[in-house]
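Chemist: Sharing model.cif, mmCIF, C-alpha atoms and all ligand atoms:
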```cif
data_work
loop_
_atom_site.label_atom_id
_atom_site.label_comp_id
_atom_site.auth_asym_id
_atom_site.auth_seq_id
_atom_site.Cartn_x
_atom_site.Cartn_y
_atom_site.Cartn_z
CA MET A 1 -65.33 73.57 1.24
CA PHE A 2 -66.22 70.04 2.24
CA LEU A 3 -63.70 67.40 3.21
CA THR A 4 -64.27 64.09 4.94
CA ARG A 5 -63.21 64.02 8.56
CA PRO A 6 -60.29 61.55 8.10
CA LEU A 7 -58.77 63.89 5.52
CA ILE A 8 -59.14 66.89 7.84
CA CYS A 9 -57.57 65.03 10.73
CA SER A 10 -54.59 63.76 8.79
CA SER A 11 -53.87 67.15 7.22
CA LEU A 12 -54.08 68.86 10.63
CA ALA A 13 -51.80 66.29 12.26
CA LEU A 14 -49.21 66.63 9.50
CA GLY A 15 -49.56 70.41 9.50
CA ALA A 16 -48.82 70.49 13.22
CA LEU A 17 -45.58 68.64 12.52
CA GLY A 18 -44.66 71.31 9.99
CA ILE A 19 -44.54 68.78 7.14
CA PHE A 20 -47.49 69.75 5.01
CA LEU A 21 -50.31 72.25 4.88
CA PRO A 22 -52.65 72.27 1.87
CA ALA A 23 -52.31 75.50 -0.12
CA ALA A 24 -56.08 75.95 0.02
CA LEU A 25 -56.04 76.03 3.84
CA ALA A 26 -53.12 78.45 4.02
CA GLU A 27 -54.70 80.82 1.48
CA GLY A 28 -58.02 80.68 3.32
CA HIS A 29 -56.50 82.00 6.54
CA GLY A 30 -58.31 85.29 7.23
CA ALA A 31 -55.54 87.10 9.11
CA HIS A 32 -53.06 86.27 6.39
CA GLY A 33 -55.34 87.70 3.69
CA ALA A 34 -55.80 91.01 5.54
CA HIS A 35 -52.11 91.41 6.30
CA HIS A 36 -51.13 90.61 2.73
CA GLU A 37 -53.48 93.26 1.30
CA GLY A 38 -52.52 96.02 3.74
CA HIS A 39 -48.81 95.51 3.20
CA SER A 40 -49.07 95.50 -0.57
CA GLU A 41 -51.21 98.69 -0.66
CA GLY A 42 -48.95 100.67 1.63
CA HIS A 43 -45.96 99.65 -0.36
CA HIS A 44 -47.37 100.80 -3.70
CA GLU A 45 -47.48 104.44 -2.45
CA GLY A 46 -44.24 106.07 -3.60
CA HIS A 47 -42.24 102.93 -4.38
CA HIS A 48 -41.08 101.54 -7.69
CA GLU A 49 -43.26 98.68 -8.96
CA GLY A 50 -40.32 96.23 -9.40
CA HIS A 51 -39.02 96.82 -5.87
CA SER A 52 -42.47 96.44 -4.43
CA GLU A 53 -43.00 93.14 -6.19
CA GLY A 54 -39.71 91.63 -4.94
CA HIS A 55 -40.25 92.73 -1.35
CA HIS A 56 -43.78 91.52 -1.46
CA GLU A 57 -42.83 87.98 -2.58
CA GLY A 58 -40.21 87.62 0.16
CA HIS A 59 -42.62 88.69 2.85
CA HIS A 60 -45.27 86.35 1.52
CA ALA A 61 -42.90 83.35 1.82
CA ASP A 62 -41.87 84.29 5.38
CA HIS A 63 -45.44 84.56 6.48
CA HIS A 64 -46.23 81.12 5.10
CA ALA A 65 -43.28 79.56 6.95
CA ASN A 66 -44.50 81.06 10.24
CA HIS A 67 -48.00 79.91 9.59
CA HIS A 68 -46.77 76.29 9.23
CA GLU A 69 -44.92 76.31 12.54
CA ASP A 70 -47.59 78.09 14.53
CA HIS A 71 -50.57 76.22 13.14
CA HIS A 72 -51.25 74.20 16.30
CA VAL A 73 -51.28 77.31 18.52
CA SER A 74 -53.12 79.72 16.19
CA PRO A 75 -55.94 81.79 17.76
CA ALA A 76 -58.47 79.77 15.72
CA ASP A 77 -57.58 76.72 17.83
CA GLU A 78 -58.29 78.37 21.18
CA GLY A 79 -61.54 78.06 23.09
CA SER A 80 -63.53 75.56 25.09
CA SER A 81 -66.65 73.43 24.86
CA THR A 82 -68.81 71.89 27.60
CA ALA A 83 -71.46 69.20 27.16
CA ALA A 84 -73.63 66.82 29.12
CA LEU A 85 -72.66 63.17 29.15
CA ILE A 86 -75.71 60.95 28.50
CA GLY A 87 -75.92 57.37 29.74
CA SER A 88 -77.33 54.30 27.98
CA ASP A 89 -80.89 55.03 29.21
CA GLY A 90 -80.80 58.61 27.89
CA SER A 91 -80.39 60.31 31.28
CA GLU A 92 -77.57 62.68 32.15
CA ILE A 93 -74.74 60.93 34.03
CA GLY A 94 -72.08 63.63 34.02
CA SER A 95 -70.26 66.29 32.05
CA LEU A 96 -67.56 66.74 29.49
CA THR A 97 -65.27 69.77 29.11
CA LEU A 98 -62.77 70.36 26.30
CA LYS A 99 -60.23 73.17 26.35
CA GLN A 100 -57.77 73.91 23.56
CA GLY A 101 -54.33 74.73 24.93
CA PRO A 102 -50.95 75.59 23.39
CA HIS A 103 -49.73 71.96 23.49
CA GLY A 104 -52.93 70.07 22.86
CA LEU A 105 -56.58 69.57 23.64
CA MET A 106 -57.42 69.06 27.33
CA LEU A 107 -60.39 66.78 28.06
CA ARG A 108 -62.07 66.49 31.43
CA VAL A 109 -64.86 64.02 32.18
CA GLU A 110 -66.88 63.90 35.41
CA VAL A 111 -69.35 61.08 36.04
CA SER A 112 -71.90 61.07 38.90
CA PRO A 113 -72.44 58.06 41.21
CA GLN A 114 -74.31 55.21 39.42
CA GLY A 115 -73.24 56.72 36.10
CA LEU A 116 -71.02 53.84 34.97
CA SER A 117 -70.37 50.25 36.02
CA PRO A 118 -67.30 50.05 38.29
CA GLY A 119 -63.89 49.51 36.65
CA TRP A 120 -62.15 50.44 33.41
CA HIS A 121 -63.93 51.74 30.30
CA GLY A 122 -62.68 52.58 26.83
CA LEU A 123 -63.17 56.24 25.90
CA HIS A 124 -62.81 57.64 22.38
CA LEU A 125 -63.61 60.59 20.14
CA HIS A 126 -66.15 59.54 17.50
CA GLN A 127 -66.81 61.26 14.15
CA VAL A 128 -70.37 62.60 14.43
CA GLY A 129 -71.90 64.89 17.07
CA ASP A 130 -75.08 62.83 17.44
CA CYS A 131 -76.07 61.17 20.75
CA SER A 132 -79.78 60.89 19.86
CA ASP A 133 -79.87 57.05 19.95
CA PRO A 134 -79.25 56.13 23.63
CA GLY A 135 -78.59 52.44 24.14
CA SER A 136 -76.65 52.06 20.89
CA TYR A 137 -75.05 55.45 20.09
CA THR A 138 -74.03 54.16 16.66
CA ARG A 139 -75.12 57.53 15.16
CA SER A 140 -71.86 58.94 16.52
CA GLY A 141 -70.03 57.00 13.79
CA GLY A 142 -66.52 55.54 13.89
CA HIS A 143 -63.46 56.89 15.62
CA VAL A 144 -62.02 60.24 14.58
CA GLY A 145 -59.24 59.47 12.09
CA LYS A 146 -60.47 55.89 11.60
CA ARG A 147 -58.56 53.65 9.18
CA ALA A 148 -58.31 49.89 8.73
CA GLY A 149 -55.93 48.37 11.31
CA GLY A 150 -55.17 51.77 12.81
CA HIS A 151 -56.84 51.64 16.22
CA GLY A 152 -54.87 51.59 19.45
CA LEU A 153 -52.54 53.71 21.56
CA MET A 154 -50.24 50.64 21.83
CA ASN A 155 -50.66 49.52 18.20
CA PRO A 156 -47.40 49.75 16.19
CA ASP A 157 -49.52 50.51 13.10
CA GLY A 158 -51.67 53.04 15.01
CA MET A 159 -52.92 55.24 16.37
CA GLU A 160 -56.18 56.89 15.33
CA ALA A 161 -56.71 60.53 16.29
CA GLY A 162 -59.77 59.63 18.40
CA ASP A 163 -57.89 57.11 20.59
CA LEU A 164 -57.59 58.04 24.28
CA PRO A 165 -56.61 56.36 27.58
CA ASN A 166 -59.30 54.45 29.52
CA ILE A 167 -61.43 55.97 32.27
CA TRP A 168 -61.83 54.22 35.63
CA ALA A 169 -65.11 54.26 37.59
CA ALA A 170 -65.17 53.71 41.36
CA ALA A 171 -67.38 51.15 43.18
CA ASP A 172 -70.23 53.72 43.33
CA GLY A 173 -70.08 54.25 39.54
CA SER A 174 -68.61 57.75 39.73
CA ALA A 175 -65.49 58.79 37.85
CA GLY A 176 -63.15 61.69 37.28
CA TYR A 177 -60.84 61.86 34.31
CA GLU A 178 -58.46 64.26 32.65
CA THR A 179 -56.21 63.74 29.64
CA VAL A 180 -54.63 65.73 26.83
CA THR A 181 -54.21 64.89 23.15
CA ASN A 182 -52.35 66.61 20.33
CA GLN A 183 -53.76 64.25 17.67
CA THR A 184 -56.71 66.54 16.99
CA SER A 185 -57.95 70.01 18.00
CA LEU A 186 -61.12 71.65 19.26
CA SER A 187 -61.65 73.40 15.91
CA ALA A 188 -61.31 70.10 14.02
CA LEU A 189 -63.77 68.37 16.37
CA THR A 190 -66.41 71.13 16.37
CA GLU A 191 -66.54 71.97 12.66
CA GLY A 192 -69.24 70.56 10.36
CA ASP A 193 -71.40 67.93 12.08
CA GLY A 194 -69.26 68.02 15.22
CA SER A 195 -68.05 64.91 17.00
CA ALA A 196 -68.82 62.90 20.13
CA LEU A 197 -67.10 61.51 23.18
CA ILE A 198 -68.12 57.87 23.66
CA ILE A 199 -67.54 55.70 26.74
CA HIS A 200 -67.63 51.93 26.15
CA ALA A 201 -68.88 49.10 28.40
CA GLY A 202 -65.43 47.57 28.91
CA PRO A 203 -61.78 48.57 28.77
CA ASP A 204 -59.86 49.26 25.55
CA ASP A 205 -56.80 46.99 25.31
CA HIS A 206 -55.25 49.68 23.03
CA GLN A 207 -54.35 47.13 20.36
CA ALA A 208 -57.19 44.88 19.11
CA GLN A 209 -59.17 45.94 16.04
CA PRO A 210 -61.37 47.80 15.54
CA ILE A 211 -62.00 49.25 19.06
CA GLY A 212 -59.69 47.39 21.42
CA GLY A 213 -62.43 44.97 22.53
CA ALA A 214 -64.16 47.75 24.46
CA GLY A 215 -67.68 46.48 23.70
CA ALA A 216 -70.99 48.36 23.72
CA TRP A 217 -71.29 52.15 23.65
CA VAL A 218 -72.73 53.16 27.06
CA ALA A 219 -72.31 56.94 27.30
CA CYS A 220 -72.20 59.80 24.80
CA GLY A 221 -71.49 63.54 24.83
CA VAL A 222 -71.87 65.85 21.81
CA ILE A 223 -68.90 68.05 20.99
CA SER A 224 -70.06 71.10 19.02
CU CU B 301 -65.12 54.18 20.64
#
```
Turn this file's structure into structure tokens for me.
Modeler:
Amino acid sequence: MFLTRPLICSSLALGALGIFLPAALAEGHGAHGAHHEGHSEGHHEGHHEGHSEGHHEGHHADHHANHHEDHHVSPADEGSSTAALIGSDGSEIGSLTLKQGPHGLMLRVEVSPQGLSPGWHGLHLHQVGDCSDPGSYTRSGGHVGKRAGGHGLMNPDGMEAGDLPNIWAAADGSAGYETVTNQTSLSALTEGDGSALIIHAGPDDHQAQPIGGAGAWVACGVIS
């Protein structure tokens, strides 16, 4: 199955709210399939066909309801990912750790001295796990969940799933950062061609289009 990333992000976000989950995704859930089969087989031994069918349908519906509510904490969304953060000259400037938790995705960024210019920097999740073009990093694509006019944590018409708070670097260029988001998940970010964490040259004003005036892309970390 192939879907574009914006579609995946919007269906996951809506699914987490319990509003909508595509039938194809629900049916593809491995644990559900196994449970469904085992139950139906056991029931067919020594029970009338009509009774079995009615019981079976009721159980099926219950299971689907649970699956909707628990989607954002399902075992498939657990796990962690660690990556190097690469600066604009291609050298390693720090590290990036992502951990999926029960209420969202925890991101931690650590930057070594001289890694960044001092002050605030925009930081976003971009759509492609490709940091092979240091100095531009345009191969990492647009923001996760990108849509026209949608960027910005403070935008009334926003936000995009890849939008995150700024990171602040000290006078020596080092930085430490931790945030959590429930607008995407580790499984959504790592599937297919992955995604990337990008740090920009300047701060994101969280409102201007398309990237909050954050400027050039100065650091990149592959999320896979
Ligand atoms: Cu960005």
Chemist: Closest to Ala216 (chain A) among A:Ala170, A:Leu107, A:Ala161, A:Leu123, using all atoms listed in the file?
Modeler: A:Leu123
Chemist: What does the distance between CA of Gly162 (chain A) and CA of Asp89 (chain A) come to in Å, to one decimal place?
Modeler: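 So the answer is 24.2 Å.
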Chemist: Could you pull the residues within 9 Å of His121 (chain A), counting only C-alpha atoms, minus those fewer than 4 positions along the same chain, as number ranges by chain?
Modeler: A: 116-117, 166-169, 199-204, 214
Chemist: For ligand CU 301 (chain B), collect every residue having any atom at a distance of at most 12 Å from a ligand atom (counting only C-alpha atoms and all ligand atoms); output as a ChimeraX atom specification.
Modeler: /A:121-128,136-146,151-152,160-166,195-206,209-220
Chemist: Would you compute the distance between CA of Gly158 (chain A) and CA of Thr181 (chain A)? Give it in Å to one decimal.
Modeler: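 Interatomic distance, CA of Gly158 (chain A) to CA of Thr181 (chain A): 14.6 Å.
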Chemist: Any idea what the distance is between CA of Gly90 (chain A) and CA of Gly221 (chain A)?
Modeler: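 One can read the CA of Gly90 (chain A) to CA of Gly221 (chain A) distance as 11.0 Å.
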Chemist: In terms of the shortest atom-to-atom distance over only C-alpha atoms, which of A:Val222, A:Thr179, A:Asp130, A:Gly101 is closest to Leu85 (chain A)?
Modeler: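 The closest residue to Leu85 (chain A) is A:Val222.
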Chemist: Enclose all atoms of region 130-148 of chain A listed in the file in an axis-aligned box, grow every side by 4 Å, and hand back centre and edge lengths in Å to one decimal, as AutoDock Vina command-line options.
Modeler:
```
--center_x -69.1 --center_y 56.4 --center_z 16.4 --size_x 29.6 --size_y 20.9 --size_z 23.4
```
Chemist: Would you mind putting back N, CA and C atoms on region 168-202 of chain A, then writing it out as a JSON list (two decimals), in the frame of the given file?
Modeler:
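Wrote it out as result.json, contents follow:
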```json
[["chain", "number", "residue", "atom", "x", "y", "z"],
["A", 168, "TRP", "N", -61.57, 55.19, 34.58],
["A", 168, "TRP", "CA", -61.83, 54.22, 35.63],
["A", 168, "TRP", "C", -62.96, 54.72, 36.53],
["A", 169, "ALA", "N", -63.98, 53.89, 36.72],
["A", 169, "ALA", "CA", -65.11, 54.26, 37.59],
["A", 169, "ALA", "C", -64.98, 53.54, 38.93],
["A", 170, "ALA", "N", -65.25, 54.26, 40.00],
["A", 170, "ALA", "CA", -65.17, 53.71, 41.36],
["A", 170, "ALA", "C", -66.34, 52.76, 41.63],
["A", 171, "ALA", "N", -66.34, 52.13, 42.82],
["A", 171, "ALA", "CA", -67.38, 51.15, 43.18],
["A", 171, "ALA", "C", -68.79, 51.76, 43.13],
["A", 172, "ASP", "N", -68.90, 53.08, 43.37],
["A", 172, "ASP", "CA", -70.23, 53.72, 43.33],
["A", 172, "ASP", "C", -70.62, 54.16, 41.91],
["A", 173, "GLY", "N", -69.78, 53.89, 40.93],
["A", 173, "GLY", "CA", -70.08, 54.25, 39.54],
["A", 173, "GLY", "C", -69.69, 55.66, 39.15],
["A", 174, "SER", "N", -69.07, 56.39, 40.07],
["A", 174, "SER", "CA", -68.61, 57.75, 39.73],
["A", 174, "SER", "C", -67.20, 57.69, 39.15],
["A", 175, "ALA", "N", -66.83, 58.74, 38.43],
["A", 175, "ALA", "CA", -65.49, 58.79, 37.85],
["A", 175, "ALA", "C", -65.05, 60.22, 37.61],
["A", 176, "GLY", "N", -63.75, 60.42, 37.66],
["A", 176, "GLY", "CA", -63.15, 61.69, 37.28],
["A", 176, "GLY", "C", -62.00, 61.38, 36.35],
["A", 177, "TYR", "N", -61.81, 62.20, 35.35],
["A", 177, "TYR", "CA", -60.84, 61.86, 34.31],
["A", 177, "TYR", "C", -60.32, 63.12, 33.66],
["A", 178, "GLU", "N", -59.03, 63.15, 33.41],
["A", 178, "GLU", "CA", -58.46, 64.26, 32.65],
["A", 178, "GLU", "C", -57.33, 63.72, 31.79],
["A", 179, "THR", "N", -57.30, 64.14, 30.53],
["A", 179, "THR", "CA", -56.21, 63.74, 29.64],
["A", 179, "THR", "C", -55.99, 64.85, 28.62],
["A", 180, "VAL", "N", -54.91, 64.74, 27.87],
["A", 180, "VAL", "CA", -54.63, 65.73, 26.83],
["A", 180, "VAL", "C", -54.21, 64.99, 25.57],
["A", 181, "THR", "N", -54.63, 65.49, 24.41],
["A", 181, "THR", "CA", -54.21, 64.89, 23.15],
["A", 181, "THR", "C", -53.77, 65.98, 22.17],
["A", 182, "ASN", "N", -52.75, 65.68, 21.39],
["A", 182, "ASN", "CA", -52.35, 66.61, 20.33],
["A", 182, "ASN", "C", -52.59, 65.98, 18.95],
["A", 183, "GLN", "N", -53.44, 64.94, 18.94],
["A", 183, "GLN", "CA", -53.76, 64.25, 17.67],
["A", 183, "GLN", "C", -54.93, 64.89, 16.94],
["A", 184, "THR", "N", -55.62, 65.79, 17.63],
["A", 184, "THR", "CA", -56.71, 66.54, 16.99],
["A", 184, "THR", "C", -56.81, 67.87, 17.72],
["A", 185, "SER", "N", -57.80, 68.69, 17.36],
["A", 185, "SER", "CA", -57.95, 70.01, 18.00],
["A", 185, "SER", "C", -59.43, 70.31, 18.18],
["A", 186, "LEU", "N", -59.72, 71.28, 19.02],
["A", 186, "LEU", "CA", -61.12, 71.65, 19.26],
["A", 186, "LEU", "C", -61.78, 72.12, 17.96],
["A", 187, "SER", "N", -61.05, 72.90, 17.16],
["A", 187, "SER", "CA", -61.65, 73.40, 15.91],
["A", 187, "SER", "C", -61.94, 72.26, 14.94],
["A", 188, "ALA", "N", -61.07, 71.25, 14.89],
["A", 188, "ALA", "CA", -61.31, 70.10, 14.02],
["A", 188, "ALA", "C", -62.52, 69.30, 14.49],
["A", 189, "LEU", "N", -62.67, 69.18, 15.82],
["A", 189, "LEU", "CA", -63.77, 68.37, 16.37],
["A", 189, "LEU", "C", -65.12, 69.07, 16.27],
["A", 190, "THR", "N", -65.13, 70.41, 16.34],
["A", 190, "THR", "CA", -66.41, 71.13, 16.37],
["A", 190, "THR", "C", -66.92, 71.52, 14.99],
["A", 191, "GLU", "N", -66.08, 71.52, 13.97],
["A", 191, "GLU", "CA", -66.54, 71.97, 12.66],
["A", 191, "GLU", "C", -67.49, 70.96, 12.01],
["A", 192, "GLY", "N", -68.29, 71.42, 11.09],
["A", 192, "GLY", "CA", -69.24, 70.56, 10.36],
["A", 192, "GLY", "C", -70.26, 69.94, 11.30],
["A", 193, "ASP", "N", -70.40, 68.60, 11.25],
["A", 193, "ASP", "CA", -71.40, 67.93, 12.08],
["A", 193, "ASP", "C", -70.88, 67.60, 13.48],
["A", 194, "GLY", "N", -69.79, 68.22, 13.88],
["A", 194, "GLY", "CA", -69.26, 68.02, 15.22],
["A", 194, "GLY", "C", -68.67, 66.64, 15.41],
["A", 195, "SER", "N", -68.55, 66.24, 16.68],
["A", 195, "SER", "CA", -68.05, 64.91, 17.00],
["A", 195, "SER", "C", -68.61, 64.53, 18.37],
["A", 196, "ALA", "N", -68.25, 63.35, 18.86],
["A", 196, "ALA", "CA", -68.82, 62.90, 20.13],
["A", 196, "ALA", "C", -67.76, 62.19, 20.97],
["A", 197, "LEU", "N", -67.92, 62.30, 22.29],
["A", 197, "LEU", "CA", -67.10, 61.51, 23.18],
["A", 197, "LEU", "C", -67.94, 60.29, 23.58],
["A", 198, "ILE", "N", -67.40, 59.11, 23.35],
["A", 198, "ILE", "CA", -68.12, 57.87, 23.66],
["A", 198, "ILE", "C", -67.36, 57.10, 24.74],
["A", 199, "ILE", "N", -68.11, 56.61, 25.74],
["A", 199, "ILE", "CA", -67.54, 55.70, 26.74],
["A", 199, "ILE", "C", -68.11, 54.31, 26.47],
["A", 200, "HIS", "N", -67.23, 53.31, 26.46],
["A", 200, "HIS", "CA", -67.63, 51.93, 26.15],
["A", 200, "HIS", "C", -67.86, 51.12, 27.43],
["A", 201, "ALA", "N", -68.52, 49.96, 27.27],
["A", 201, "ALA", "CA", -68.88, 49.10, 28.40],
["A", 201, "ALA", "C", -67.66, 48.51, 29.11],
["A", 202, "GLY", "N", -66.63, 48.19, 28.34],
["A", 202, "GLY", "CA", -65.43, 47.57, 28.91],
["A", 202, "GLY", "C", -64.17, 48.33, 28.54]]
```
